[in-house]
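Reviewing the structure listed below.
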Amino acid sequence: MLEKVNPRTVTRIEVDRESIFKHLILVFGAAIRGFEYMRKVIGIDGTFLKGPYKGVLLVATAQDGNNKCYPIAWGIVDSENEDAWTWFLIRLREVIGDTDELVFISDRAQSIKTAVSTVYEKVQHSACAWHVAQNVRSKFRCGDIMGAYWKAMDAYRVEQFQGYMLVISQRDPRVAEYLEHQVGFNTWSRCHFPGMRKISKWWNKRCVVGMTLTSLLTLNLEDELRPRFMESNSLLTIQLNSVMFHVKGGGILEAVGNIHNLTCTCHIFDIDRLPCVHAIAAASHAHVSVYTFTSRYYTKYFYMLAYAETIYLVGSQSQWDVLEEVAARVFLPRIVKERKRGRPRMSRYPSAGEARKHKNRCLKCGQLEHYQKSC
């Protein structure tokens with residue numbers, strides 16, 4: 001029914017020989033057509049389901065021009081492994097083809113890494129910086145290094161990155177070795193990376209936001225540019241030729257911007273495709289609108305196109321017009337092992353390196369993370 005009321009929507013269900021459920025995927029046609037107006041970056045991840053039949057929920061999401069999550073595909077599988085991820089990505093490839101412009105971001109699970117390299121041969125595959133940070137925190141117990149790690153990850157220039165890596169190396173050489181050789185700079189560092197019914201209500205809400213925008217860019221991007229405009233007013237701009245400008249002053253890093261190639265030696269303009277303070281100063285000096293330098297993916301027009309189509313509800317089950325061959329198919333629920341005796345666990349298991357909300361405190365000495373019996 002979803003495919004019938006939502007054109008080009010893709011749904012697939014797979015069962016084993018005994019008709020027991022294995023895999024499912026749902027991709028709305030409206031989301032696929034909207035993805036044409038997104039930056040070609042897809043995040044994929046999985047999480048355990050708590051219902052009576054368990055299983056794992058797989059998701060693929062993008063980021064719209066307002067830096068909000070944009071859902072592309074949902075999947076439910078029996079367990080998170082290489083076979084499940086391969087099946088999910090093969091179905092996804094039917095609607096989003098394999099191209100060298102596409103980038104996948106995920107945690108460093110070997111099952112995801114193998115599945116992506118098998119199904120999508122041309123894409124770039126990056127590691128989620130948050131998951132890398134959690135792994136570092138868990139493996140090396142080095143919370144004092146995380147500030148330098150996040151600054152290194154966010155650095156736009158290689159020399160800036162090297163400075164933060166030197167700090168990390170001096171504090172704990174094992175962490176620097178891990179980040180460089182086991183993880184790889186090109187998978188988590190910005191300057192090294194080579195690539196560049198609820199749902200119906202939620203989708204409609206985003207569409208309304210797009211229609212009410214009065215700015216040329218999305219709200220979050222306008223907010224990001226506003227302080228750069230203010231800062232650019234105090235800078236000295238020297239025109240080197242018809243397209244290159246040397247910008248300095250105001251206590252910022254001096255840089256040379258090229259308004260023809262849309263580059264700047266600070267590299268913020270190059271990587272984000274959003275004018276840096278130097279590019280804004282250069283545009284003002286050249287009497288050119290700074291909005292002409294902004295990536296089209298950040299514009300109000302592309303944002304509206306991404307949410308232009310409607311996701312329709314399937315209506316009451318009594319009104320469904322289901323084909324006989326579909327109605328005849330048998331889908332049996334997964335066989336779930338009997339729950340262990342005792343009170344069921346209500347909270348999820350924390351990820352590696354994730355801080356626990358509650359820590360044990362010894363009643364004898366008052367210190368954390370051990371009990372009175374072991375004190």
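Quick note on naming: the chains in the structure tokens go A, B, ... in the order shown, residues restart at 1 in each chain, and ligands are numbered from 1 in order of appearance.
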Can you write out as a tab-separated table which residues of range 58-108 of chain A fall within 10 Å of range 298-318 of chain A, alongside each residue's closest atom pair and its distance in Å to one decimal, counting only C-alpha atoms and ordering rows by chain and ascending residue number?
```
residue	atom	partner	partner_atom	distance
A:Asp64	CA	A:Tyr303	CA	6.9
A:Gly65	CA	A:Tyr298	CA	4.3
A:Asn66	CA	A:Tyr298	CA	6.8
A:Asn67	CA	A:Tyr298	CA	8.8
A:Tyr70	CA	A:Ala306	CA	9.2
```
Write out as a list in words which residues come within 7 Å of range 10-20 of chain A when counting only C-alpha atoms, dropping same-chain ones fewer than 6 positions away.
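My list of contacting residues is Glu3, Leu26, Val27, Phe28, Val330, Phe331, Leu332, Pro333 and Arg334 of chain A.
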Can you list, as a PDB file with N, CA, C and O atoms, in the first residue's frame, every protein, DNA or RNA residue that comes within 9 Å of range 231-239 of chain A when you count only C-alpha atoms, leaving out same-chain residues fewer than 3 positions away?
```pdb
ATOM      1  N   ARG A 226      26.077  35.384   9.645  1.00  0.00           N
ATOM      2  CA  ARG A 226      25.866  36.717  10.214  1.00  0.00           C
ATOM      3  C   ARG A 226      27.085  37.246  10.971  1.00  0.00           C
ATOM      4  O   ARG A 226      27.537  38.375  10.709  1.00  0.00           O
ATOM      5  N   PRO A 227      27.689  36.481  11.904  1.00  0.00           N
ATOM      6  CA  PRO A 227      28.887  37.008  12.581  1.00  0.00           C
ATOM      7  C   PRO A 227      30.075  37.202  11.639  1.00  0.00           C
ATOM      8  O   PRO A 227      30.925  38.063  11.884  1.00  0.00           O
ATOM      9  N   ARG A 228      30.132  36.437  10.557  1.00  0.00           N
ATOM     10  CA  ARG A 228      31.218  36.611   9.589  1.00  0.00           C
ATOM     11  C   ARG A 228      31.056  37.930   8.842  1.00  0.00           C
ATOM     12  O   ARG A 228      32.047  38.611   8.561  1.00  0.00           O
ATOM     13  N   SER A 242      42.235  40.745 -10.653  1.00  0.00           N
ATOM     14  CA  SER A 242      40.786  40.836 -10.841  1.00  0.00           C
ATOM     15  C   SER A 242      39.993  39.853  -9.996  1.00  0.00           C
ATOM     16  O   SER A 242      38.806  40.070  -9.738  1.00  0.00           O
ATOM     17  N   VAL A 243      40.623  38.781  -9.543  1.00  0.00           N
ATOM     18  CA  VAL A 243      39.877  37.762  -8.797  1.00  0.00           C
ATOM     19  C   VAL A 243      40.495  37.406  -7.445  1.00  0.00           C
ATOM     20  O   VAL A 243      39.853  36.718  -6.646  1.00  0.00           O
ATOM     21  N   MET A 244      41.707  37.859  -7.157  1.00  0.00           N
ATOM     22  CA  MET A 244      42.393  37.478  -5.914  1.00  0.00           C
ATOM     23  C   MET A 244      42.518  38.673  -4.981  1.00  0.00           C
ATOM     24  O   MET A 244      42.846  39.786  -5.413  1.00  0.00           O
ATOM     25  N   PHE A 245      42.278  38.430  -3.674  1.00  0.00           N
ATOM     26  CA  PHE A 245      42.279  39.478  -2.672  1.00  0.00           C
ATOM     27  C   PHE A 245      43.038  39.001  -1.434  1.00  0.00           C
ATOM     28  O   PHE A 245      42.821  37.887  -0.967  1.00  0.00           O
ATOM     29  N   HIS A 246      43.907  39.868  -0.919  1.00  0.00           N
ATOM     30  CA  HIS A 246      44.632  39.585   0.325  1.00  0.00           C
ATOM     31  C   HIS A 246      43.869  40.276   1.451  1.00  0.00           C
ATOM     32  O   HIS A 246      43.673  41.492   1.430  1.00  0.00           O
ATOM     33  N   VAL A 247      43.436  39.496   2.452  1.00  0.00           N
ATOM     34  CA  VAL A 247      42.609  40.014   3.536  1.00  0.00           C
ATOM     35  C   VAL A 247      43.363  39.859   4.852  1.00  0.00           C
ATOM     36  O   VAL A 247      43.878  38.781   5.169  1.00  0.00           O
ATOM     37  N   LYS A 248      43.418  40.937   5.637  1.00  0.00           N
ATOM     38  CA  LYS A 248      44.109  40.883   6.928  1.00  0.00           C
ATOM     39  C   LYS A 248      43.475  41.877   7.888  1.00  0.00           C
ATOM     40  O   LYS A 248      42.628  42.689   7.516  1.00  0.00           O
ATOM     41  N   GLY A 249      43.936  41.816   9.170  1.00  0.00           N
ATOM     42  CA  GLY A 249      43.423  42.719  10.194  1.00  0.00           C
ATOM     43  C   GLY A 249      42.419  42.052  11.093  1.00  0.00           C
ATOM     44  O   GLY A 249      41.971  40.927  10.860  1.00  0.00           O
ATOM     45  N   GLY A 250      42.055  42.760  12.170  1.00  0.00           N
ATOM     46  CA  GLY A 250      41.029  42.250  13.067  1.00  0.00           C
ATOM     47  C   GLY A 250      41.467  41.093  13.940  1.00  0.00           C
ATOM     48  O   GLY A 250      40.650  40.427  14.553  1.00  0.00           O
ATOM     49  N   ILE A 252      42.614  38.216  12.951  1.00  0.00           N
ATOM     50  CA  ILE A 252      42.380  36.910  12.346  1.00  0.00           C
ATOM     51  C   ILE A 252      43.577  36.516  11.491  1.00  0.00           C
ATOM     52  O   ILE A 252      44.468  37.326  11.206  1.00  0.00           O
ATOM     53  N   VAL A 277      35.160  34.501   6.330  1.00  0.00           N
ATOM     54  CA  VAL A 277      35.205  35.943   6.560  1.00  0.00           C
ATOM     55  C   VAL A 277      36.072  36.639   5.510  1.00  0.00           C
ATOM     56  O   VAL A 277      35.794  37.774   5.098  1.00  0.00           O
ATOM     57  N   HIS A 278      37.112  35.948   5.013  1.00  0.00           N
ATOM     58  CA  HIS A 278      37.969  36.536   3.980  1.00  0.00           C
ATOM     59  C   HIS A 278      37.211  36.665   2.656  1.00  0.00           C
ATOM     60  O   HIS A 278      37.319  37.675   1.955  1.00  0.00           O
ATOM     61  N   ALA A 279      36.445  35.627   2.294  1.00  0.00           N
ATOM     62  CA  ALA A 279      35.677  35.662   1.048  1.00  0.00           C
ATOM     63  C   ALA A 279      34.597  36.740   1.098  1.00  0.00           C
ATOM     64  O   ALA A 279      34.322  37.397   0.090  1.00  0.00           O
ATOM     65  N   ILE A 280      33.987  36.924   2.282  1.00  0.00           N
ATOM     66  CA  ILE A 280      32.961  37.959   2.424  1.00  0.00           C
ATOM     67  C   ILE A 280      33.581  39.345   2.245  1.00  0.00           C
ATOM     68  O   ILE A 280      33.015  40.222   1.564  1.00  0.00           O
ATOM     69  N   ALA A 281      34.762  39.553   2.852  1.00  0.00           N
ATOM     70  CA  ALA A 281      35.449  40.843   2.696  1.00  0.00           C
ATOM     71  C   ALA A 281      35.835  41.079   1.244  1.00  0.00           C
ATOM     72  O   ALA A 281      35.709  42.199   0.730  1.00  0.00           O
ATOM     73  N   ALA A 282      36.310  40.033   0.559  1.00  0.00           N
ATOM     74  CA  ALA A 282      36.686  40.153  -0.851  1.00  0.00           C
ATOM     75  C   ALA A 282      35.469  40.470  -1.717  1.00  0.00           C
ATOM     76  O   ALA A 282      35.534  41.308  -2.625  1.00  0.00           O
ATOM     77  N   SER A 284      32.719  41.971  -0.783  1.00  0.00           N
ATOM     78  CA  SER A 284      32.308  43.346  -0.506  1.00  0.00           C
ATOM     79  C   SER A 284      33.195  44.340  -1.248  1.00  0.00           C
ATOM     80  O   SER A 284      32.708  45.328  -1.808  1.00  0.00           O
ATOM     81  N   HIS A 285      34.495  44.082  -1.270  1.00  0.00           N
ATOM     82  CA  HIS A 285      35.442  44.962  -1.961  1.00  0.00           C
ATOM     83  C   HIS A 285      35.191  44.961  -3.468  1.00  0.00           C
ATOM     84  O   HIS A 285      35.335  45.991  -4.140  1.00  0.00           O
ATOM     85  N   ALA A 286      34.801  43.807  -4.012  1.00  0.00           N
ATOM     86  CA  ALA A 286      34.572  43.670  -5.458  1.00  0.00           C
ATOM     87  C   ALA A 286      33.136  44.018  -5.849  1.00  0.00           C
ATOM     88  O   ALA A 286      32.781  43.939  -7.030  1.00  0.00           O
TER      89      ALA A 286
END
```
